[in-house]
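File shown: coords_5.cif (mmCIF, C-alpha atoms).
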```cif
data_protein
loop_
_atom_site.label_atom_id
_atom_site.label_comp_id
_atom_site.auth_asym_id
_atom_site.auth_seq_id
_atom_site.Cartn_x
_atom_site.Cartn_y
_atom_site.Cartn_z
CA MET A 1 25.26 14.36 -16.16
CA TYR A 2 22.35 16.32 -14.71
CA LEU A 3 20.44 13.10 -14.09
CA SER A 4 23.37 11.57 -12.21
CA ARG A 5 23.66 14.70 -10.04
CA PHE A 6 19.94 14.61 -9.32
CA LEU A 7 20.13 10.96 -8.31
CA PHE A 8 23.13 11.67 -6.08
CA VAL A 9 21.27 14.48 -4.30
CA LEU A 10 18.12 12.37 -3.98
CA VAL A 11 19.96 9.39 -2.54
CA SER A 12 21.84 11.69 -0.15
CA ILE A 13 18.56 13.12 1.14
CA LEU A 14 17.14 9.63 1.65
CA VAL A 15 20.25 8.51 3.51
CA LEU A 16 20.38 11.60 5.72
CA THR A 17 16.70 11.67 6.60
CA GLY A 18 16.06 7.95 6.63
CA CYS A 19 12.49 6.69 6.35
CA VAL A 20 10.82 9.45 8.32
CA ASP A 21 7.40 11.00 8.55
CA ILE A 22 7.02 14.76 9.11
CA THR A 23 3.23 14.91 9.32
CA GLY A 24 3.24 14.89 13.13
CA ARG A 25 1.17 11.71 13.21
CA SER A 26 1.31 9.42 16.24
CA ALA A 27 2.61 5.89 15.98
CA ALA A 28 0.01 3.46 14.67
CA GLN A 29 -1.86 1.47 17.30
CA LEU A 30 -1.92 -2.20 16.33
CA ALA A 31 -4.32 -3.91 18.72
CA PRO A 32 -4.82 -7.69 18.89
CA ASN A 33 -7.39 -8.73 16.32
CA GLN A 34 -9.75 -10.27 18.86
CA SER A 35 -10.19 -7.00 20.74
CA ALA A 36 -13.60 -5.90 21.99
CA GLN A 37 -14.09 -3.26 19.28
CA GLU A 38 -13.79 -5.77 16.44
CA SER A 39 -17.47 -6.68 16.75
CA ARG A 40 -18.52 -3.27 15.38
CA PHE A 41 -17.13 -4.04 11.90
CA LEU A 42 -19.56 -5.32 9.28
CA ARG A 43 -17.03 -7.18 7.16
CA GLN A 44 -14.25 -9.63 7.83
CA GLY A 45 -10.67 -8.59 7.21
CA HIS A 46 -7.96 -6.16 8.23
CA VAL A 47 -6.63 -3.35 6.04
CA TYR A 48 -3.27 -1.67 6.62
CA CYS A 49 -2.31 1.45 4.62
CA ILE A 50 1.29 2.66 4.53
CA LEU A 51 2.14 6.25 3.57
CA GLY A 52 5.11 7.20 1.42
CA TRP A 53 8.37 8.95 2.27
CA LEU A 54 7.87 11.90 4.68
CA GLY A 55 4.13 11.22 4.63
CA ILE A 56 3.19 14.68 3.37
CA TRP A 57 2.31 13.51 -0.16
CA SER A 58 0.43 10.43 1.03
CA ARG A 59 -2.29 11.79 3.30
CA GLY A 60 -4.77 10.21 0.90
CA MET A 61 -3.82 6.93 2.56
CA ASP A 62 -5.30 8.21 5.83
CA VAL A 63 -8.47 9.06 3.92
CA ILE A 64 -8.58 5.58 2.36
CA ALA A 65 -8.31 3.98 5.82
CA GLN A 66 -11.10 6.24 7.12
CA ARG A 67 -13.33 5.45 4.14
CA VAL A 68 -12.71 1.70 4.45
CA ASP A 69 -13.85 1.90 8.06
CA ALA A 70 -16.83 4.21 7.52
CA GLU A 71 -18.12 3.02 4.13
CA LEU A 72 -17.20 -0.66 4.05
CA GLY A 73 -17.18 -1.52 7.74
CA VAL A 74 -13.72 -3.09 7.62
CA GLN A 75 -11.06 -2.59 10.27
CA ALA A 76 -8.43 -0.25 8.77
CA THR A 77 -5.23 1.33 10.06
CA SER A 78 -2.79 3.76 8.42
CA LEU A 79 0.92 3.74 9.23
CA ALA A 80 3.99 5.83 8.48
CA ASN A 81 6.38 4.12 6.10
CA GLN A 82 9.06 3.58 8.74
CA GLU A 83 6.55 1.38 10.59
CA TRP A 84 6.48 -1.35 7.96
CA THR A 85 8.70 -3.70 9.97
CA LYS A 86 6.40 -3.22 12.97
CA LEU A 87 3.44 -4.20 10.81
CA ALA A 88 5.14 -7.35 9.55
CA SER A 89 6.07 -8.34 13.11
CA PHE A 90 2.52 -7.66 14.35
CA VAL A 91 0.88 -9.83 11.70
CA ARG A 92 3.36 -12.62 12.34
CA THR A 93 2.71 -12.46 16.11
CA GLU A 94 -1.06 -12.53 15.61
CA HIS A 95 -0.77 -15.65 13.48
CA GLU A 96 1.55 -17.35 15.96
CA ALA A 97 -0.94 -16.60 18.76
CA ALA A 98 -3.83 -18.03 16.65
CA ARG A 99 -5.67 -14.71 16.92
CA TRP A 100 -5.80 -13.95 13.20
CA SER A 101 -9.05 -14.21 11.29
CA GLY A 102 -10.28 -12.87 7.97
CA PRO A 103 -8.45 -11.56 4.90
CA LEU A 104 -5.25 -9.51 5.10
CA ILE A 105 -5.16 -6.47 2.81
CA LEU A 106 -2.01 -4.36 2.40
CA VAL A 107 -2.21 -0.95 0.70
CA GLY A 108 0.67 1.44 0.06
CA HIS A 109 1.57 4.60 -1.84
CA SER A 110 4.99 5.43 -3.33
CA ILE A 111 7.78 4.10 -1.10
CA GLY A 112 4.98 2.91 1.16
CA ALA A 113 3.88 0.65 -1.71
CA ASP A 114 7.43 -0.70 -1.99
CA ASP A 115 7.37 -1.25 1.78
CA GLN A 116 4.13 -3.22 1.60
CA VAL A 117 5.81 -5.61 -0.83
CA ARG A 118 8.57 -5.97 1.76
CA VAL A 119 5.95 -6.73 4.41
CA ALA A 120 4.56 -9.43 2.14
CA LYS A 121 8.05 -10.85 1.55
CA GLN A 122 8.68 -11.11 5.31
CA LEU A 123 5.32 -12.82 5.80
CA ASN A 124 6.16 -15.18 2.96
CA GLN A 125 9.07 -16.49 5.02
CA GLU A 126 6.49 -17.64 7.60
CA LYS A 127 4.06 -18.88 4.93
CA ILE A 128 1.49 -16.27 5.98
CA PRO A 129 -0.86 -15.41 3.10
CA VAL A 130 -1.68 -11.91 1.88
CA ASP A 131 -5.14 -11.94 0.33
CA LEU A 132 -4.88 -8.58 -1.44
CA LEU A 133 -1.95 -6.25 -2.08
CA ILE A 134 -2.85 -2.84 -3.52
CA LEU A 135 0.01 -0.66 -4.74
CA ILE A 136 -0.42 2.99 -5.71
CA ASP A 137 2.46 4.37 -7.79
CA PRO A 138 5.25 2.12 -6.45
CA THR A 139 8.70 3.55 -7.08
CA VAL A 140 11.23 0.69 -6.82
CA PRO A 141 9.03 -2.29 -5.94
CA PRO A 142 10.49 -5.72 -5.22
CA VAL A 143 9.07 -8.74 -7.02
CA ILE A 144 5.69 -9.77 -5.61
CA PRO A 145 6.19 -12.90 -3.46
CA PRO A 146 4.10 -16.07 -3.98
CA ASN A 147 2.14 -15.73 -0.70
CA VAL A 148 0.22 -12.82 -2.29
CA ASN A 149 -3.02 -14.08 -3.82
CA HIS A 150 -3.97 -10.93 -5.76
CA CYS A 151 -1.96 -7.76 -6.45
CA VAL A 152 -3.58 -4.66 -7.94
CA ASN A 153 -1.05 -2.05 -9.04
CA ILE A 154 -2.60 1.36 -9.80
CA PHE A 155 -0.02 3.68 -11.34
CA LYS A 156 0.50 6.36 -13.95
CA SER A 157 3.45 6.21 -16.27
CA HIS A 158 5.33 9.34 -17.36
CA PRO A 159 7.44 8.59 -20.44
CA GLY A 160 10.82 10.24 -20.26
CA LEU A 161 10.76 10.57 -16.48
CA ASP A 162 10.18 7.00 -15.33
CA ALA A 163 13.88 6.18 -15.69
CA VAL A 164 14.44 8.10 -12.44
CA PRO A 165 13.81 5.63 -9.58
CA ALA A 166 11.83 8.08 -7.45
CA PHE A 167 8.50 9.93 -7.56
CA ARG A 168 7.15 7.63 -10.26
CA GLY A 169 4.82 4.68 -10.74
CA ILE A 170 5.82 1.51 -12.62
CA LYS A 171 4.62 -2.01 -13.35
CA VAL A 172 5.22 -4.89 -10.97
CA ARG A 173 5.63 -8.61 -11.62
CA ALA A 174 5.02 -11.76 -9.63
CA ALA A 175 7.69 -14.24 -8.60
CA ASP A 176 5.21 -17.01 -9.44
CA PRO A 177 2.43 -15.90 -11.84
CA ALA A 178 0.69 -19.24 -11.31
CA ARG A 179 0.11 -18.36 -7.66
CA THR A 180 -0.28 -14.58 -7.80
CA LEU A 181 -2.70 -12.68 -10.00
CA VAL A 182 -1.13 -9.31 -10.86
CA GLU A 183 -3.17 -6.50 -12.39
CA ASN A 184 -1.13 -3.52 -13.61
CA ILE A 185 -3.51 -0.60 -14.21
CA ASN A 186 -1.78 2.29 -15.97
CA LEU A 187 -3.92 5.39 -15.50
CA ARG A 188 -2.25 7.06 -18.48
CA THR A 189 -3.59 4.46 -20.92
CA THR A 190 -6.50 2.73 -19.18
CA LYS A 191 -10.06 4.05 -19.25
CA VAL A 192 -11.26 4.06 -15.66
CA GLY A 193 -14.32 6.32 -15.82
CA PHE A 194 -12.76 9.52 -14.45
CA ASP A 195 -10.32 12.17 -15.66
CA THR A 196 -6.75 10.99 -15.07
CA ARG A 197 -4.96 13.81 -16.87
CA VAL A 198 -4.34 15.79 -13.67
CA ILE A 199 -2.94 12.82 -11.76
CA ASN A 200 0.71 12.79 -10.75
CA HIS A 201 2.80 10.94 -8.19
CA PHE A 202 2.06 13.45 -5.45
CA ASN A 203 -1.72 13.60 -5.71
CA ILE A 204 -2.64 10.12 -6.95
CA ALA A 205 -3.64 8.78 -3.51
CA LYS A 206 -5.86 11.83 -2.95
CA ILE A 207 -7.90 11.35 -6.13
CA LYS A 208 -11.38 10.11 -5.23
CA GLY A 209 -11.60 7.94 -8.35
CA VAL A 210 -8.41 6.13 -7.33
CA GLN A 211 -9.68 5.73 -3.79
CA ASP A 212 -12.94 4.32 -5.16
CA MET A 213 -10.94 1.73 -7.13
CA VAL A 214 -9.14 0.73 -3.93
CA LEU A 215 -12.37 0.43 -1.94
CA ALA A 216 -13.99 -1.66 -4.68
CA GLU A 217 -11.15 -4.19 -4.57
CA ILE A 218 -11.28 -4.35 -0.77
CA ALA A 219 -15.05 -4.86 -0.81
CA LYS A 220 -14.62 -7.84 -3.17
CA THR A 221 -12.02 -9.37 -0.86
CA CYS A 222 -13.69 -8.83 2.53
CA PRO A 223 -16.95 -10.79 2.92
CA ARG A 224 -19.78 -9.55 5.11
CA LYS A 225 -19.99 -11.14 8.54
CA LYS A 226 -22.86 -13.49 9.24
CA ARG A 227 -25.23 -12.15 11.85
#
```

Any chance you could give the structure as structure tokens?
Amino acid sequence: MYLSRFLFVLVSILVLTGCVDITGRSAAQLAPNQSAQESRFLRQGHVYCILGWLGIWSRGMDVIAQRVDAELGVQATSLANQEWTKLASFVRTEHEAARWSGPLILVGHSIGADDQVRVAKQLNQEKIPVDLLILIDPTVPPVIPPNVNHCVNIFKSHPGLDAVPAFRGIKVRAADPARTLVENINLRTTKVGFDTRVINHFNIAKIKGVQDMVLAEIAKTCPRKKR
């Protein structure tokens, strides 16, 4: 009874507020990939990070984008979760204009992770590949489409609470396991070299160890440019 009331209130909030961001951030600037500034990046590829609902619990995604740029030398952009359709349209347009080059990496936290799967599904309709999809605590993720080459899902399970389809992290599965490698990394049970006991849905993207895992996967996917 209490669970059903909670779900009703939660769904009502989502419906009333929509997919909004209250961080005060400006709209993401998605410039054509052959812009003049692209030459400053050391590695090939383009990384897009989507924050979760309201944005306030996902500011670690902004940090990840900044670290990808500064530490790896890969072009990286962070977006509010309501901008996911804009991202899908942008990538599709870049491919149609033959401006796209290098790997495509999609990263998302919470509902932003669910949204990145939706971006991949839209791109799948145009047969546009996603080289790497990194999910951080997805809440109600769709099935991973077959245009995704590699999906890394970093989450932490919470037995007894994961039945509620919000503010949680769960496993994902591929529509075609023969075409998509899926790695589900449960931080509650997997040894990852740092303390995971303090991690919850609201701080997971801010944890440096988690960010380091994300950067390591991106580094393996984005080759250095030849000089």

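For the residues A:Asp162, A:Asp176, A:Glu217, A:Asp137, ranking by smallest atom-to-atom distance to A:Ile204 using only C-alpha atoms places A:Asp137 first.
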
With all atoms listed in the file as the basis for distance, which of A:Leu132, A:Leu87, A:Ala219, A:Leu51 is at the shortest distance from A:Gln29?
A:Leu87

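Using all atoms listed in the file for every distance, the candidate list A:Leu123, A:Ala31, A:Ile111, A:Val164 yields A:Ile111 as the residue closest to A:Thr139.
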
Mind pulling up the distance from atom CA of A:Val210 to atom CA of A:Thr190?
12.5 Å

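Using only C-alpha atoms for every distance, the candidate list A:Thr93, A:Val119, A:Val140, A:Gly108 yields A:Gly108 as the residue closest to A:Val214.
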
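Atom pair atom CA of A:His201 / atom CA of A:Ala80 has a distance of 17.5 Å (rounded to one decimal).
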
At a cut-off of 8 Å, using only C-alpha atoms, what residues contact A:Gly45? Leave out same-chain residues fewer than 2 positions from it and give the result as a list of chain:residue names.
A:Arg43, A:Val47, A:Val74, A:Gln75, A:Ser101, A:Gly102, A:Pro103, A:Leu104, A:Ile105, A:Cys222, A:Pro223

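Here the question is which of A:Ile136, A:Leu72, A:Ile144, A:Val172 gets nearest to A:Gly60 using all atoms listed in the file, and that residue is A:Ile136.
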
Could you write out as a ChimeraX atom specification the residues that the PyMOL selection byres ((chain A and resi 182) around 7) matches in the shown file?
/A:150-152,173-174,180-181,183-184

Find the distance between atom CA of A:Ile64 and atom CA of A:Lys86 and write it in Å to one decimal.
20.4 Å

Could you list, as a ChimeraX atom specification, every residue within 10 Å of A:Ala88, counting only C-alpha atoms and ignoring same-chain residues fewer than 4 positions away?
/A:83-84,92-93,116,118-123

Take the residues from that selection and put them in a file with C-alpha atoms, as a PDB file, keeping the file's coordinate frame.
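The new file selection.pdb reads:
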```pdb
ATOM      1  CA  GLU A  83       6.550   1.380  10.590  1.00  0.00           C
ATOM      2  CA  TRP A  84       6.480  -1.350   7.960  1.00  0.00           C
ATOM      3  CA  ARG A  92       3.360 -12.620  12.340  1.00  0.00           C
ATOM      4  CA  THR A  93       2.710 -12.460  16.110  1.00  0.00           C
ATOM      5  CA  GLN A 116       4.130  -3.220   1.600  1.00  0.00           C
ATOM      6  CA  ARG A 118       8.570  -5.970   1.760  1.00  0.00           C
ATOM      7  CA  VAL A 119       5.950  -6.730   4.410  1.00  0.00           C
ATOM      8  CA  ALA A 120       4.560  -9.430   2.140  1.00  0.00           C
ATOM      9  CA  LYS A 121       8.050 -10.850   1.550  1.00  0.00           C
ATOM     10  CA  GLN A 122       8.680 -11.110   5.310  1.00  0.00           C
ATOM     11  CA  LEU A 123       5.320 -12.820   5.800  1.00  0.00           C
TER      12      LEU A 123
END
```
